[in-house]
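**Q** What follows is a single structure, and I will ask about it in a moment.
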Amino acid sequence: MNREAVCQRLGAGQTMQRGQAMTEMLVVVPAIWGVLMAVALLGEWQDQALQADQAGRHGAFMATVRPMLHSDFSSDTGPLPARASARFAIEAPQAGRAWQQPGDGLVAAERLRREWSLDQASLVMAEVRARPLRQAWQGHEAVLLRRTAILAGAGHAADDMHAQRRIAESGSAWGDAYGRSRMAGQDWAARLQQVDAGWGRSLPDFDWLTPWAGQVPSVFLSSGKTAGEMP
C-alpha cells in the first residue's frame, strides 16, 4: 500500500470521529454537574437538620424552665434553620406514665421518685418541622422533622440546702443506709470513748450531709428561685 492510500484511509477515519468528543461531553458534564449539586444540597440539608435539632433541644429545655412556653415558635426558643420554611411547636405537658418515668415500673424506683418529688413529672415534646427552600425535585417536598422529649417538673432543687434536705428526707437514697451506719458508729464510739479521751480526740460527728452545704461553687448555683436557670 502506497503512502497516498494510507493518508486517504487515515483521513476517512478522522472524518468519522468528528463530533464524538462533543457527544461525550454532553453526557459527562451534566452527570458531573448533577453530582456536585446533589452533594451541595445534601450538605445544606444536613446543616439545616442540625440546626433543627439544636432549636428543638433548646426549646424543650426552655419549656421546663418556663412552663407557660407551650405555643408556636418565639424568640426565646433559639434560631430556626436558615434557608428553610420552619415551624416550632411545643406540645402541652402530659402526665408521665410508669413506663415513661426513670426506672420504669419498679417498686423501688417508684418509691425513690415519690421521695424525690419525681412522681409529678410530665413529658414535654418539642417539635421542629422545617421545609428546605431548595428542593431536589418539583412536586416531592423534603421535610425535616425533629422531636425532643424531656421531663418537666422533675423535682429540681432550688438551691444546695434544698437539695440536701430532700436527700436527707429520702429513705431510699440516704435515710435507710445512714440510719444503720449511724447506729453502728455510735455503738463503737461509746465503746471507744475512754480510749479516745486519753488522746484528747473529739467525739465523732455523725452528720455526714450538712457539712457539705456551701461546697458547690457559686457559679453553678442559680441566684433566682426558678430551678434550671443558669447564671
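Quick note on naming: the chains in the C-alpha cells go A, B, ... in the order shown, residues restart at 1 in each chain, and ligands are numbered from 1 in order of appearance.
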Env of stretch 173-183 of chain A: 12 Å cut, atoms = only C-alpha atoms, seq-sep filter 2 positions within chain, self excluded. Answer as a VMD selection string.
**A** chain A and resid 108 to 109 111 to 116 164 to 171 185 to 190 204 to 209
**Q** Could you check which of A:Leu123, A:Glu24, A:Arg134, A:Ser117 is closest to A:Trp45, using only C-alpha atoms?
**A**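 Among A:Leu123, A:Glu24, A:Arg134, A:Ser117, it is A:Arg134 that comes nearest to A:Trp45.
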**Q** Env of A:Leu50: 12 Å cut, atoms = only C-alpha atoms, seq-sep filter 2 positions within chain, self excluded. Answer as a PDB file with C-alpha atoms, in the first residue's frame.
**A**
```pdb
ATOM      1  CA  GLY A  43     -24.739  19.249  52.824  1.00  0.00           C
ATOM      2  CA  GLU A  44     -27.244  22.092  53.139  1.00  0.00           C
ATOM      3  CA  TRP A  45     -29.962  19.705  54.340  1.00  0.00           C
ATOM      4  CA  GLN A  46     -27.628  18.190  56.936  1.00  0.00           C
ATOM      5  CA  ASP A  47     -26.790  21.655  58.232  1.00  0.00           C
ATOM      6  CA  GLN A  48     -30.488  22.526  58.469  1.00  0.00           C
ATOM      7  CA  ALA A  52     -33.424  21.941  63.798  1.00  0.00           C
ATOM      8  CA  ASP A  53     -32.029  19.555  66.421  1.00  0.00           C
ATOM      9  CA  GLN A  54     -30.454  22.414  68.351  1.00  0.00           C
ATOM     10  CA  ALA A  55     -33.605  24.559  68.180  1.00  0.00           C
ATOM     11  CA  GLY A  56     -35.761  21.656  69.394  1.00  0.00           C
ATOM     12  CA  ARG A  57     -33.489  20.846  72.333  1.00  0.00           C
ATOM     13  CA  PRO A  79     -32.788  30.201  65.971  1.00  0.00           C
ATOM     14  CA  LEU A  80     -34.612  28.056  63.461  1.00  0.00           C
ATOM     15  CA  PRO A  81     -32.862  26.556  60.428  1.00  0.00           C
ATOM     16  CA  ALA A  82     -31.793  29.112  57.849  1.00  0.00           C
ATOM     17  CA  VAL A 128     -39.338  21.406  64.754  1.00  0.00           C
ATOM     18  CA  ALA A 130     -38.568  22.599  58.503  1.00  0.00           C
ATOM     19  CA  LEU A 144     -37.049  17.824  58.126  1.00  0.00           C
ATOM     20  CA  LEU A 145     -38.816  16.719  61.318  1.00  0.00           C
ATOM     21  CA  ARG A 146     -37.067  16.723  64.681  1.00  0.00           C
TER      22      ARG A 146
END
```
